[in-house]
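Engineer: File query29.txt below, compact mmCIF, C-alpha atoms and all ligand atoms:
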```txt
# COMPACT_ATOMS: atom_id res chain seq x y z
CA MET A 16 0.00 0.00 0.00
CA LEU A 17 1.36 3.42 -0.91
CA LEU A 18 -0.49 5.45 1.74
CA SER A 19 -2.32 4.14 4.81
CA VAL A 20 -3.92 6.67 7.12
CA ARG A 21 -5.04 5.21 10.43
CA ASP A 22 -7.23 6.82 13.12
CA LEU A 23 -6.02 10.28 12.23
CA ARG A 24 -7.17 13.03 14.60
CA SER A 25 -6.22 16.68 14.17
CA ALA A 26 -7.45 19.67 16.14
CA PHE A 27 -7.14 23.43 16.52
CA PHE A 28 -6.69 24.54 20.11
CA LEU A 29 -8.58 27.82 20.18
CA ASP A 30 -9.57 30.19 22.98
CA GLU A 31 -13.18 29.11 22.35
CA GLY A 32 -12.31 25.42 22.74
CA GLU A 33 -10.93 22.40 20.89
CA LEU A 34 -11.98 22.21 17.25
CA TRP A 35 -11.63 18.66 15.91
CA ALA A 36 -11.26 19.19 12.16
CA VAL A 37 -10.28 15.55 11.57
CA ASP A 38 -11.82 13.16 14.06
CA GLY A 39 -10.68 9.59 13.54
CA ILE A 40 -10.18 8.96 9.85
CA SER A 41 -8.70 5.84 8.22
CA PHE A 42 -8.18 5.14 4.52
CA ASP A 43 -5.74 3.69 1.99
CA VAL A 44 -4.43 4.83 -1.38
CA GLU A 45 -2.82 2.21 -3.63
CA ALA A 46 -0.04 3.02 -6.09
CA GLY A 47 -1.55 4.46 -9.26
CA GLU A 48 -5.04 4.74 -7.75
CA THR A 49 -7.13 7.93 -7.72
CA VAL A 50 -9.09 8.44 -4.51
CA GLY A 51 -11.56 11.29 -4.06
CA LEU A 52 -12.49 13.14 -0.88
CA VAL A 53 -15.72 15.17 -1.00
CA GLY A 54 -17.86 17.10 1.43
CA GLU A 55 -19.21 20.59 1.96
CA SER A 56 -17.05 23.53 2.96
CA GLY A 57 -15.67 23.30 6.49
CA CYS A 58 -15.91 19.50 6.80
CA GLY A 59 -12.14 19.08 7.29
CA LYS A 60 -10.94 18.05 3.82
CA THR A 61 -7.98 20.44 3.68
CA ILE A 62 -6.93 19.50 7.18
CA VAL A 63 -6.77 15.84 6.08
CA ALA A 64 -4.34 16.89 3.31
CA LEU A 65 -2.26 19.11 5.60
CA SER A 66 -2.18 16.39 8.29
CA ILE A 67 -0.65 13.90 5.82
CA LEU A 68 2.25 16.30 5.19
CA ASP A 69 2.38 17.56 8.78
CA LEU A 70 1.69 21.13 7.63
CA ILE A 71 -1.22 22.21 9.86
CA PRO A 72 -0.76 25.83 10.93
CA HIS A 73 -0.65 26.86 14.59
CA PRO A 74 -2.76 26.56 16.79
CA GLY A 75 -3.60 23.28 15.09
CA ARG A 76 -1.76 19.97 15.04
CA VAL A 77 -2.12 16.27 14.42
CA VAL A 78 -2.99 14.83 17.80
CA SER A 79 -2.91 11.10 17.11
CA GLY A 80 -2.94 8.45 14.43
CA ARG A 81 -0.57 7.17 11.79
CA VAL A 82 0.22 8.25 8.24
CA LEU A 83 2.12 5.35 6.68
CA PHE A 84 3.71 6.27 3.34
CA GLU A 85 5.58 3.37 1.75
CA GLY A 86 5.55 1.78 5.20
CA ARG A 87 7.10 4.70 7.12
CA ASP A 88 5.04 6.78 9.56
CA LEU A 89 5.35 10.37 8.30
CA LEU A 90 4.24 11.76 11.65
CA ARG A 91 7.32 10.30 13.28
CA LEU A 92 9.95 11.14 10.66
CA PRO A 93 12.81 13.54 11.44
CA PRO A 94 12.24 16.95 9.73
CA GLU A 95 15.06 16.30 7.24
CA GLU A 96 13.45 13.05 6.03
CA MET A 97 10.03 14.72 5.91
CA ARG A 98 11.40 17.42 3.58
CA LYS A 99 12.45 14.66 1.17
CA VAL A 100 8.99 13.11 1.24
CA ARG A 101 7.37 16.49 0.48
CA GLY A 102 7.98 16.91 -3.23
CA ALA A 103 9.63 13.61 -4.18
CA GLY A 104 7.21 11.29 -2.38
CA ILE A 105 4.11 13.44 -2.18
CA GLY A 106 3.39 16.56 -4.26
CA ILE A 107 0.60 18.88 -3.22
CA ILE A 108 -1.49 21.40 -5.12
CA PHE A 109 -2.62 23.75 -2.36
CA GLN A 110 -6.17 25.12 -2.26
CA GLU A 111 -4.78 28.67 -2.29
CA ALA A 112 -2.47 28.51 -5.33
CA ALA A 113 -1.76 32.23 -5.25
CA ALA A 114 -0.65 32.10 -1.62
CA ALA A 115 1.47 28.99 -2.18
CA LEU A 116 3.63 30.63 -4.86
CA ASN A 117 6.51 32.82 -3.72
CA PRO A 118 5.65 36.32 -5.08
CA VAL A 119 9.24 37.55 -5.34
CA TYR A 120 10.79 34.50 -7.00
CA ARG A 121 10.59 33.62 -10.70
CA ILE A 122 8.29 30.69 -11.53
CA GLY A 123 11.16 28.81 -13.22
CA ASN A 124 13.31 29.07 -10.09
CA GLN A 125 10.50 27.81 -7.88
CA ILE A 126 10.24 24.69 -10.06
CA ALA A 127 14.02 24.31 -10.54
CA ASP A 128 14.51 24.36 -6.73
CA VAL A 129 12.28 21.31 -6.39
CA ILE A 130 14.12 19.56 -9.23
CA ARG A 131 17.55 20.29 -7.73
CA LEU A 132 16.48 19.17 -4.27
CA HIS A 133 14.79 15.95 -5.30
CA ARG A 134 16.45 14.92 -8.53
CA GLY A 135 19.95 16.23 -7.85
CA LEU A 136 20.29 18.15 -11.15
CA ALA A 137 22.78 21.01 -11.54
CA ARG A 138 21.41 24.59 -11.67
CA ARG A 139 21.43 24.96 -15.48
CA ASP A 140 19.95 21.50 -16.13
CA ALA A 141 17.31 22.06 -13.46
CA TRP A 142 16.29 25.31 -15.21
CA SER A 143 15.85 23.63 -18.61
CA GLU A 144 13.98 20.79 -16.94
CA ALA A 145 11.71 23.37 -15.26
CA VAL A 146 10.91 24.83 -18.69
CA LYS A 147 10.02 21.32 -19.90
CA VAL A 148 7.73 20.76 -16.90
CA LEU A 149 5.97 24.08 -17.60
CA ALA A 150 5.49 23.03 -21.24
CA ALA A 151 4.14 19.63 -20.14
CA MET A 152 1.63 21.44 -17.92
CA GLY A 153 0.29 23.26 -20.98
CA ILE A 154 1.93 26.65 -20.41
CA PRO A 155 2.50 28.46 -23.74
CA GLU A 156 5.90 30.14 -24.26
CA PRO A 157 7.38 28.19 -21.34
CA GLU A 158 10.85 29.83 -21.58
CA LYS A 159 9.27 33.25 -21.19
CA ARG A 160 6.89 32.08 -18.43
CA ALA A 161 9.75 30.49 -16.49
CA ARG A 162 11.23 34.00 -16.17
CA SER A 163 7.90 35.48 -14.98
CA TYR A 164 6.90 36.34 -11.44
CA PRO A 165 3.55 35.00 -10.15
CA PHE A 166 1.82 38.41 -10.47
CA GLU A 167 2.49 38.34 -14.22
CA LEU A 168 0.39 35.19 -14.68
CA SER A 169 -3.38 34.82 -15.06
CA GLY A 170 -5.32 32.71 -12.52
CA GLY A 171 -5.28 29.67 -14.79
CA MET A 172 -1.53 30.01 -15.51
CA LYS A 173 -0.79 30.37 -11.79
CA GLN A 174 -2.69 27.15 -11.18
CA ARG A 175 -0.70 25.40 -13.93
CA ALA A 176 2.52 26.72 -12.36
CA MET A 177 1.40 25.38 -8.96
CA ILE A 178 0.72 21.99 -10.56
CA ALA A 179 4.16 22.15 -12.23
CA ILE A 180 5.81 22.67 -8.83
CA ALA A 181 3.86 19.73 -7.38
CA MET A 182 4.86 17.52 -10.34
CA ALA A 183 8.50 18.64 -10.55
CA GLY A 184 9.77 16.13 -7.95
CA ARG A 185 8.00 13.29 -9.81
CA PRO A 186 5.97 12.35 -6.73
CA LYS A 187 4.36 8.95 -6.28
CA LEU A 188 1.28 10.59 -4.78
CA LEU A 189 -0.24 13.88 -5.92
CA ILE A 190 -2.65 15.59 -3.53
CA ALA A 191 -4.88 18.08 -5.35
CA ASP A 192 -6.90 20.21 -2.90
CA GLU A 193 -9.75 22.05 -4.66
CA PRO A 194 -7.62 22.37 -7.81
CA THR A 195 -10.35 24.17 -9.76
CA THR A 196 -12.43 25.98 -7.15
CA ALA A 197 -10.87 29.45 -7.31
CA LEU A 198 -11.02 29.59 -11.13
CA ASP A 199 -13.68 30.81 -13.53
CA LEU A 200 -15.71 28.23 -15.44
CA THR A 201 -13.74 27.90 -18.68
CA VAL A 202 -10.45 27.76 -16.82
CA GLN A 203 -11.93 25.16 -14.43
CA ALA A 204 -12.61 22.92 -17.43
CA GLU A 205 -9.03 23.39 -18.73
CA ILE A 206 -7.49 22.52 -15.38
CA SER A 207 -9.71 19.42 -14.99
CA ASP A 208 -8.54 18.33 -18.46
CA LEU A 209 -4.92 18.84 -17.40
CA LEU A 210 -5.45 16.73 -14.26
CA ARG A 211 -7.01 13.92 -16.31
CA GLN A 212 -4.07 14.12 -18.70
CA ILE A 213 -1.63 13.86 -15.76
CA GLN A 214 -3.60 10.88 -14.46
CA ASP A 215 -3.34 9.11 -17.85
CA GLU A 216 0.27 9.95 -18.64
CA TYR A 217 2.07 9.69 -15.32
CA ARG A 218 -0.01 6.96 -13.62
CA MET A 219 0.80 8.32 -10.18
CA ALA A 220 -1.61 7.93 -7.26
CA ILE A 221 -3.86 10.97 -6.80
CA LEU A 222 -5.88 12.14 -3.80
CA ILE A 223 -8.35 14.57 -5.31
CA ILE A 224 -10.14 16.77 -2.79
CA SER A 225 -13.11 18.92 -3.70
CA HIS A 226 -16.58 19.99 -2.69
CA ASP A 227 -17.34 19.42 -6.41
CA LEU A 228 -18.59 15.84 -6.53
CA GLU A 229 -18.88 15.98 -10.31
CA LEU A 230 -15.13 16.64 -10.71
CA VAL A 231 -14.25 13.94 -8.18
CA ALA A 232 -16.67 11.40 -9.67
CA ASP A 233 -15.12 11.98 -13.08
CA MET A 234 -11.58 11.19 -11.87
CA ALA A 235 -11.64 8.97 -8.80
CA ASP A 236 -11.65 5.16 -8.70
CA ARG A 237 -12.91 5.33 -5.13
CA THR A 238 -14.62 8.17 -3.32
CA MET A 239 -14.83 9.07 0.36
CA VAL A 240 -17.51 11.40 1.72
CA MET A 241 -16.57 13.53 4.72
CA TYR A 242 -18.84 15.32 7.19
CA THR A 243 -17.77 17.22 10.34
CA GLY A 244 -14.32 15.65 10.51
CA ARG A 245 -15.36 12.05 9.84
CA LEU A 246 -15.86 9.77 6.87
CA VAL A 247 -19.53 8.90 6.49
CA GLU A 248 -19.37 6.80 3.31
CA THR A 249 -16.68 5.26 1.10
CA ALA A 250 -17.12 3.11 -2.01
CA ASP A 251 -15.97 2.60 -5.57
CA THR A 252 -17.01 5.83 -7.27
CA LYS A 253 -19.45 4.18 -9.68
CA GLU A 254 -21.26 2.49 -6.81
CA LEU A 255 -21.17 5.57 -4.60
CA VAL A 256 -22.75 7.72 -7.29
CA GLY A 257 -25.14 5.01 -8.55
CA GLU A 258 -26.21 3.61 -5.19
CA PRO A 259 -25.38 6.08 -2.43
CA MET A 260 -26.39 4.76 0.99
CA HIS A 261 -25.81 7.63 3.39
CA PRO A 262 -28.50 10.34 3.45
CA TYR A 263 -25.73 12.98 3.25
CA THR A 264 -24.23 11.44 0.10
CA GLN A 265 -27.73 11.12 -1.37
CA GLY A 266 -28.24 14.82 -0.71
CA LEU A 267 -24.92 15.80 -2.31
CA ILE A 268 -25.73 13.75 -5.42
CA GLY A 269 -29.34 14.91 -5.57
CA ALA A 270 -28.10 18.51 -5.79
CA ILE A 271 -26.16 17.89 -9.03
CA PRO A 272 -28.22 17.99 -12.25
CA VAL A 273 -26.20 15.36 -14.15
CA LEU A 274 -25.49 12.92 -11.33
CA GLY A 275 -28.84 13.35 -9.58
CA ALA A 276 -30.99 12.58 -12.62
CA GLY A 277 -32.29 9.24 -11.32
CA SER A 278 -32.29 10.05 -7.63
CA GLU A 279 -35.29 10.24 -5.32
CA THR A 280 -34.68 13.89 -4.57
CA PRO A 281 -33.66 15.43 -7.88
CA LEU A 282 -32.10 18.87 -7.63
CA GLN A 283 -32.77 19.18 -3.97
CA GLY A 284 -29.89 20.33 -1.89
CA ILE A 285 -29.47 19.40 1.73
CA PRO A 286 -31.43 21.59 4.14
CA GLY A 287 -29.49 23.62 6.69
CA ALA A 288 -25.74 24.06 6.88
CA VAL A 289 -22.65 22.30 8.19
CA PRO A 290 -22.69 22.81 11.99
CA ASP A 291 -20.06 24.77 13.88
CA LEU A 292 -17.34 22.22 14.68
CA LEU A 293 -16.99 23.83 18.13
CA ASP A 294 -20.65 23.08 18.86
CA LEU A 295 -21.52 19.78 17.22
CA PRO A 296 -24.94 18.11 17.48
CA SER A 297 -24.97 14.97 19.64
CA GLY A 298 -24.88 11.46 18.19
CA CYS A 299 -24.87 11.47 14.39
CA THR A 300 -23.82 15.06 13.67
CA PHE A 301 -25.93 14.99 10.49
CA HIS A 302 -29.21 14.42 12.41
CA PRO A 303 -30.52 18.02 12.34
CA ARG A 304 -30.41 17.92 8.51
CA CYS A 305 -31.41 14.30 7.96
CA ARG A 306 -34.87 13.30 6.71
CA LEU A 307 -34.50 9.84 8.31
CA ALA A 308 -33.31 10.98 11.75
CA ASP A 309 -35.02 9.62 14.87
CA ASP A 310 -34.16 9.55 18.58
CA GLU A 311 -31.64 6.70 18.17
CA CYS A 312 -29.56 8.96 15.91
CA LYS A 313 -29.10 11.57 18.64
CA LEU A 314 -27.38 9.29 21.15
CA GLU A 315 -24.04 8.00 19.81
CA PRO A 316 -22.18 8.73 16.55
CA PRO A 317 -22.71 5.81 14.15
CA PRO A 318 -19.48 3.94 13.32
CA LEU A 319 -18.25 3.60 9.73
CA GLU A 320 -19.01 -0.04 8.93
CA ASP A 321 -18.91 -2.39 5.97
CA ALA A 322 -22.33 -2.20 4.37
CA ALA A 323 -21.63 -4.00 1.08
CA HIS A 324 -18.59 -5.22 -0.82
CA ARG A 325 -15.93 -2.44 -0.67
CA HIS A 326 -18.65 -0.07 0.55
CA GLN A 327 -18.65 1.46 4.03
CA CYS A 328 -21.30 3.67 5.58
CA ALA A 329 -21.87 5.37 8.94
CA CYS A 330 -25.65 5.47 9.42
CA TYR A 331 -28.01 3.58 11.74
CA LYS A 332 -30.65 3.30 9.05
CA VAL A 333 -28.41 1.56 6.54
CA ARG A 334 -28.54 -2.16 7.15
CA VAL A 335 -25.66 -4.40 6.14
CA GLN A 336 -26.35 -6.22 2.87
CA THR A 337 -25.21 -9.83 2.94
N1 LIG A 401 -6.05 28.00 10.65
C1 LIG A 401 -7.18 27.61 11.25
N2 LIG A 401 -7.50 28.03 12.48
C2 LIG A 401 -8.64 27.62 13.10
N3 LIG A 401 -9.54 26.78 12.55
C3 LIG A 401 -9.27 26.32 11.32
C4 LIG A 401 -8.09 26.71 10.59
N4 LIG A 401 -8.09 26.11 9.38
C5 LIG A 401 -9.23 25.37 9.36
N5 LIG A 401 -9.93 25.50 10.51
C6 LIG A 401 -11.21 24.86 10.83
O1 LIG A 401 -11.11 23.47 10.58
C7 LIG A 401 -12.32 22.99 10.01
C8 LIG A 401 -12.01 22.25 8.74
O2 LIG A 401 -11.47 23.16 7.79
P1 LIG A 401 -10.99 22.72 6.36
O3 LIG A 401 -10.27 23.88 5.78
O4 LIG A 401 -10.27 21.43 6.42
O5 LIG A 401 -12.38 22.49 5.60
P2 LIG A 401 -12.60 22.09 4.09
O6 LIG A 401 -13.47 20.87 4.10
O7 LIG A 401 -11.30 21.99 3.40
O8 LIG A 401 -13.46 23.31 3.54
P3 LIG A 401 -13.39 24.10 2.13
O9 LIG A 401 -14.27 23.31 1.19
O10 LIG A 401 -13.97 25.42 2.47
O11 LIG A 401 -11.98 24.17 1.70
C9 LIG A 401 -13.22 24.20 9.81
O12 LIG A 401 -14.15 24.23 10.85
C10 LIG A 401 -12.29 25.37 9.90
O13 LIG A 401 -12.95 26.47 10.47
S1 LIG A 402 -27.60 7.92 11.60
FE1 LIG A 402 -29.62 8.83 11.59
S2 LIG A 402 -29.29 11.04 11.41
FE2 LIG A 402 -27.40 10.02 10.85
S3 LIG A 402 -27.51 9.85 8.66
FE3 LIG A 402 -28.30 7.95 9.49
S4 LIG A 402 -30.51 8.25 9.64
FE4 LIG A 402 -29.58 10.27 9.35
MG MG A 403 -10.43 23.03 1.88
```
How does the structure come out when it is put into structure tokens?
Ligand SMILES: Nc1ncnc2c1ncn2[C@@H]1O[C@H](COP(=O)(O)OP(=O)(O)OP(=O)(O)O)[C@@H](O)[C@H]1O
Ligand code: SF4
Ligand SMILES: [Mg+2]
Structural biologist:
Amino acid sequence: MLLSVRDLRSAFFLDEGELWAVDGISFDVEAGETVGLVGESGCGKTIVALSILDLIPHPGRVVSGRVLFEGRDLLRLPPEEMRKVRGAGIGIIFQEAAAALNPVYRIGNQIADVIRLHRGLARRDAWSEAVKVLAAMGIPEPEKRARSYPFELSGGMKQRAMIAIAMAGRPKLLIADEPTTALDLTVQAEISDLLRQIQDEYRMAILIISHDLELVADMADRTMVMYTGRLVETADTKELVGEPMHPYTQGLIGAIPVLGAGSETPLQGIPGAVPDLLDLPSGCTFHPRCRLADDECKLEPPPLEDAAHRHQCACYKVRVQT
């Protein structure tokens, strides 16, 4: 297994209290596999990504669990070893591409640095390799763009540059956190095409994170649905979209015109909003928004259990199919 996350728990320690953004999550990513993570805004998706690379900002941190990458627990690696994993083992496309680029450093240098660090190329070779990576990421006039600063690039070009940095170390796992969200519609389509091209050509494992279930469903072999810091359903993507079990997943799918066409609740979103993670409802945290909720749901959180072949669900009303 390339990546095995086990019982991961990460929290922010705020004046108002402890905010558990990731509250006991386990999953695997095989080499070459694309796994999707979906859920509404504020459910903890980004904190899952940042936990894997041990990059949660203060006052947050990973509190417990294991992140096994090629058998080594990343949460227990010395900082020097962790720096090698970031880039060469795991590349990340951050949700805030603009903020992740260094504003005072040429794009080409930002890519060449990764190449020199992880592939040991000399300065001049690393620069020409950086130009090649920019070209491979669909950037026109790559020599000119390599000499540009981030502010000289459009939103779509910045995102391509961010992807180039993530790809420059030839990682075995690419984490793409909301890779299209900040972009306008036509550029979103171009960046999704680029990601599919990367998936086909490089055959690396991808963890694609988005609130956009349509994008995830289009790319991922398996999909995990997250709500208030926990996984509530995981399955092969086809099955998850075709036969969603959890009322939350059914709501997410029902809200999408294309995917929700055959669903019971076409084009209906989910009532209400994601609760404040500092003030969670008791029991199943989805109960205030769930059409099937009863008193049982308000007592204890339902565990994520096998409900069918390769299909897990955390809901008291979903009975195991044998
Ligand atoms: N730096 C921070 N300080 C305090 N709380 C934070 C911080 N970053 C995230 N959180 C909290 O952690 C929870 C999970 O946030 P996260 O960014 O992982 O959500 P998300 O699912 O990625 O949402 P989005 O779709 O908006 O990107 C939220 O309640 C958020 O308020
Ligand atoms: S456990 Fe109850 S409240 Fe939670 S999703 Fe299932 S039916 Fe709804
Ligand atoms: Mg996020």
Engineer: With only C-alpha atoms counted and 10 Å as the cut-off, give the residues of stretch 200-314 of chain A in contact with stretch 149-162 of chain A, each with its shortest interatomic distance in Å and the pair that gives it, as a tab-separated table.
Structural biologist:
```
residue	atom	partner	partner_atom	distance
A:Glu205	CA	A:Gly153	CA	9.6
A:Ile206	CA	A:Met152	CA	9.5
A:Leu209	CA	A:Met152	CA	7.1
A:Leu210	CA	A:Met152	CA	9.3
A:Gln212	CA	A:Met152	CA	9.3
A:Ile213	CA	A:Met152	CA	8.5
```
Engineer: Show me which residues line ligand LIG 402 (chain A), defined as having an atom within 6 Å of a ligand atom where all atoms listed in the file count, and present them as an mmCIF file with C-alpha atoms, keeping the file's coordinate frame.
Structural biologist:
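Once everything was written out, this is out-v9.cif:
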```
data_model
loop_
_atom_site.group_PDB
_atom_site.id
_atom_site.type_symbol
_atom_site.label_atom_id
_atom_site.label_comp_id
_atom_site.auth_asym_id
_atom_site.auth_seq_id
_atom_site.Cartn_x
_atom_site.Cartn_y
_atom_site.Cartn_z
ATOM 1 C CA HIS A 261 -25.810 7.630 3.390
ATOM 2 C CA PRO A 262 -28.500 10.340 3.450
ATOM 3 C CA CYS A 299 -24.870 11.470 14.390
ATOM 4 C CA PHE A 301 -25.930 14.990 10.490
ATOM 5 C CA HIS A 302 -29.210 14.420 12.410
ATOM 6 C CA CYS A 305 -31.410 14.300 7.960
ATOM 7 C CA LEU A 307 -34.500 9.840 8.310
ATOM 8 C CA ALA A 308 -33.310 10.980 11.750
ATOM 9 C CA CYS A 312 -29.560 8.960 15.910
ATOM 10 C CA PRO A 317 -22.710 5.810 14.150
ATOM 11 C CA CYS A 330 -25.650 5.470 9.420
ATOM 12 C CA TYR A 331 -28.010 3.580 11.740
ATOM 13 C CA LYS A 332 -30.650 3.300 9.050
#
```
Engineer: To one decimal place in Å, what is the distance between atom CA of A:Pro93 and atom CA of A:Gly135?
Structural biologist: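 Computed distance, atom CA of A:Pro93 to atom CA of A:Gly135, equals 20.7 Å.
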Engineer: Can you pull out the residues contacting A:Ala113? Cut-off 9 Å, using only C-alpha atoms, and skip same-chain residues under 5 positions away; I want them as a compact mmCIF listing (two decimals) with C-alpha atoms, in the coordinates of the input.
Structural biologist:
```txt
# COMPACT_ATOMS: atom_id res chain seq x y z
CA PRO A 118 5.65 36.32 -5.08
CA PRO A 165 3.55 35.00 -10.15
CA PHE A 166 1.82 38.41 -10.47
CA GLY A 170 -5.32 32.71 -12.52
CA LYS A 173 -0.79 30.37 -11.79
CA GLN A 174 -2.69 27.15 -11.18
CA MET A 177 1.40 25.38 -8.96
```
Engineer: Neighbouring residues of A:Gly80 were defined as those with any atom within 6 Å, considering all atoms listed in the file; residues of the same chain fewer than 3 positions away were excluded. Please report them as JSON, numbers by chain.
Structural biologist: {"A": [21, 22, 23]}
Engineer: Counting only C-alpha atoms, which of A:Glu96, A:Asp251, A:Asp38, A:Asp310 gets nearest to A:Val50?
Structural biologist: A:Asp251
Engineer: Place a sphere of radius 7 Å on (12.4, 33.8, -10.8) in the file coordinates and name every protein, DNA or RNA residue with an atom inside or on its surface, counting all atoms listed in the file; give the answer as JSON, numbers by chain.
Structural biologist: {"A": [120, 121, 122, 123, 124, 125, 162, 163, 164]}
Engineer: Could you take the residues named above and write them with C-alpha atoms, as a PDB file, keeping the file's coordinate frame?
Structural biologist:
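The result, stored in result-v6.pdb:
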```pdb
ATOM      1  CA  TYR A 120      10.790  34.500  -7.000  1.00  0.00           C
ATOM      2  CA  ARG A 121      10.590  33.620 -10.700  1.00  0.00           C
ATOM      3  CA  ILE A 122       8.290  30.690 -11.530  1.00  0.00           C
ATOM      4  CA  GLY A 123      11.160  28.810 -13.220  1.00  0.00           C
ATOM      5  CA  ASN A 124      13.310  29.070 -10.090  1.00  0.00           C
ATOM      6  CA  GLN A 125      10.500  27.810  -7.880  1.00  0.00           C
ATOM      7  CA  ARG A 162      11.230  34.000 -16.170  1.00  0.00           C
ATOM      8  CA  SER A 163       7.900  35.480 -14.980  1.00  0.00           C
ATOM      9  CA  TYR A 164       6.900  36.340 -11.440  1.00  0.00           C
TER      10      TYR A 164
END
```
Engineer: Step by step, measure atom-to-atom distances between ligand MG 403 (chain A) and each residue using only C-alpha atoms and all ligand atoms, keep those at most 8 Å, then write them as a CSV table (one decimal) with C-alpha atoms, in the coordinates of the input.
Structural biologist:
```csv
chain,number,residue,atom,x,y,z
A,56,SER,CA,-17.0,23.5,3.0
A,57,GLY,CA,-15.7,23.3,6.5
A,59,GLY,CA,-12.1,19.1,7.3
A,60,LYS,CA,-10.9,18.0,3.8
A,61,THR,CA,-8.0,20.4,3.7
A,62,ILE,CA,-6.9,19.5,7.2
A,110,GLN,CA,-6.2,25.1,-2.3
A,192,ASP,CA,-6.9,20.2,-2.9
A,193,GLU,CA,-9.8,22.0,-4.7
A,224,ILE,CA,-10.1,16.8,-2.8
A,225,SER,CA,-13.1,18.9,-3.7
```
Engineer: For ligand LIG 401 (chain A), return the neighbouring residues as number ranges by chain (distance at most 10 Å; all atoms listed in the file).
Structural biologist: A: 25-29, 33-37, 52-66, 71-75, 110-111, 192-193, 196, 224-227, 241-244, 289-293
Engineer: Nearest to A:Arg131 among A:Ala183, A:Lys147, A:Glu31, A:Arg237, with distances taken over all atoms listed in the file: which residue is it?
Structural biologist: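 Looking only at the distances to A:Arg131, the closest residue turns out to be A:Ala183.
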Engineer: How many Å separate atom CA of A:Leu246 from atom CA of A:Leu319?
Structural biologist: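 Straight-line distance from atom CA of A:Leu246 to atom CA of A:Leu319 works out to 7.2 Å.
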Engineer: May I have the residues within 12 Å of A:Arg98 as a list in words, using only C-alpha atoms and disregarding those fewer than 4 positions away in the same chain?
Structural biologist: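 Near A:Arg98, the qualifying residues are Leu68, Asp69, Leu70, Leu89, Leu92, Pro93, Pro94, Gly102, Ala103, Gly104, Ile105, Gly106, Val129, Leu132, His133 and Gly184 of chain A.
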Engineer: I'd like the contact shell of A:Leu228 - 10 Å cut-off, only C-alpha atoms, skipping same-chain residues fewer than 6 positions apart - returned as a PyMOL selection string.
Structural biologist: chain A and resi 51-55+234+238+240+256+264+267-268+270-271+274
Engineer: Enter the distance from atom CA of A:Pro272 to atom CA of A:Arg245, in Å, rounded to one decimal.
Structural biologist: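 Calculated distance between atom CA of A:Pro272 and atom CA of A:Arg245 is 26.2 Å.
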Engineer: Output, as AutoDock Vina command-line options, the centre and edge lengths in Å (one decimal) of the axis-aligned box that contains all listed atoms of stretch 225-232 of chain A with 4 Å of margin on each side.
Structural biologist:
```
--center_x -16.0 --center_y 15.7 --center_z -6.7 --size_x 13.8 --size_y 16.6 --size_z 16.0
```
Engineer: Have a look at A:Ser79, A:Thr49, A:Gln327, A:Ser297 and name the one nearest to A:Met219; count all atoms listed in the file.
Structural biologist: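 Nearest candidate to A:Met219 out of A:Ser79, A:Thr49, A:Gln327, A:Ser297: A:Thr49.
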Engineer: Counting only C-alpha atoms, which residues have an atom no more than 12 Å from (-18.6, -5.0, -0.1) in the file's coordinates? Please list them as a PyMOL selection string.
Structural biologist: chain A and resi 249-251+254-255+320-328+335-337
Engineer: Need the shell around A:Ser19: protein/DNA/RNA residues with any atom at most 8 Å away, counting all atoms listed in the file. Skip same-chain ones fewer than 4 positions apart. Format as an mmCIF file with C-alpha atoms, in the frame of the given file?
Structural biologist:
```cif
data_model
loop_
_atom_site.group_PDB
_atom_site.id
_atom_site.type_symbol
_atom_site.label_atom_id
_atom_site.label_comp_id
_atom_site.auth_asym_id
_atom_site.auth_seq_id
_atom_site.Cartn_x
_atom_site.Cartn_y
_atom_site.Cartn_z
ATOM 1 C CA SER A 41 -8.700 5.840 8.220
ATOM 2 C CA PHE A 42 -8.180 5.140 4.520
ATOM 3 C CA ASP A 43 -5.740 3.690 1.990
ATOM 4 C CA VAL A 44 -4.430 4.830 -1.380
ATOM 5 C CA ARG A 81 -0.570 7.170 11.790
ATOM 6 C CA VAL A 82 0.220 8.250 8.240
ATOM 7 C CA LEU A 83 2.120 5.350 6.680
ATOM 8 C CA PHE A 84 3.710 6.270 3.340
#
```
